[in-house]
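J.: Dropping a structure here in structure tokens format, bear with me for questions.
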Amino acid sequence: MRNSGLVAGVILALVLPWPVAFAQADSAHLPRLSGATFLIGDPTTNITLTSGQDTSTVQQAGGEWYTSPSISADGSVIATAFHYLGDSRGFMHRTFATYTIRDNRWAVYKQTSFTNGVFAISPNGTTLAYLEFKTDKAPAQFHFLDLATGKMTAGPKLEQDVGASISWSPDGLRIAFDMEVPRMLNKALIPPLHAICVLDVQNGTVSKLADGTLPSWSPSGDWIAFNDYSEGRDDPKQGWFATNANRVSVMHSDGTNPRVLITFSSDEDLRVPAVWSPDSKTFLINRLQDNINNTMDIYQFTLASGKLKRMFKDAPPIYAWVAAK
């Protein structure tokens, strides 16, 4: 990978338009579980942590610039993106930022630009990976922000459209993502599906593992959960092709031993990656319940028993699960 030469300035929370609030008020609807800390998108504006009965509102009033957050493996650093006060580039411009929970401190990388893509903080909390979406003028591309120095490094470019999630391996050496794969029928292009791919962060190579979307690496490193496609739903005679991922599957991190765990209705489209428990024994599935308010019915799947249980109804989405301290 090459260094882009950009050094991102860092400012503190004094310029942010909200405080970090620690309160019980208006938090009854938030998902919570004993021994768990959940990173929650409180629709559609807030980023919230629940840990047992404690609630911390980390980011407020996200509005149109709200984006899916991520958290380090030990639960100490949250990564997000927002417009900061005083940014002359306009309200819709978004900048990467991190919040360190122990110090109650924001770091804003004010020279960075997040316009259209997905990002995730590394498990050790030192690096932010950003996968910029493809446009008419430029291909999709990985970028890496060193959170200590503010230096941005350009990663490989990808000619195909990419999906709405990336997931680091626990050792921080690889990143799983999904990428569009063209399909043809009778020598004609038909609507594409996506494939789960893995980027080797050190050498920049990309390899395909399986068809599917929204990969999620288990904390143990053994499994990648992903959403994939039920077979036999296309109707070529009618010119109709199913592109929605309505199953949840797992495979080993090298792509071997894929297993379909859950199949939902043929018209369902799973939009949030599986959220692993810290011990990698279970994961959560966010199923869209209310498209207007972006609320979910959230289920827990246990690998050993194969049981699926609804845990929360009509709740804001859960983006991460770390052990409570």
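So you can find residues: chains in the structure tokens are A, B, ... in the order shown, residues in each start at 1, and ligands are numbered from 1 in order.
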Would you kindly return, as a list in words, each protein, DNA or RNA residue with an atom no farther than 9 Å from any atom of His143 (chain A), considering only C-alpha atoms and excluding same-chain residues fewer than 3 positions away?

T.: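 The residues that qualify are Leu128, Ala129, Tyr130, Leu131, Glu132, Met152, Thr153, Ala154, Gly155 and Pro156 of chain A.
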
J.: Report the distance between CA of Asn286 (chain A) and CA of Trp240 (chain A) in Å, rounded to one decimal place.

T.: 26.9 Å

J.: Report as a count of residues only all protein, DNA and RNA residues lying within 10 Å of Cys197 (chain A), evaluated on only C-alpha atoms, omitting residues in the same chain fewer than 4 positions from it.

T.: 16

J.: Can you tell me how far CA of Asn291 (chain A) sits from CA of Pro317 (chain A), in Å to one decimal?

T.: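 Result for CA of Asn291 (chain A) versus CA of Pro317 (chain A): 11.8 Å, one decimal.
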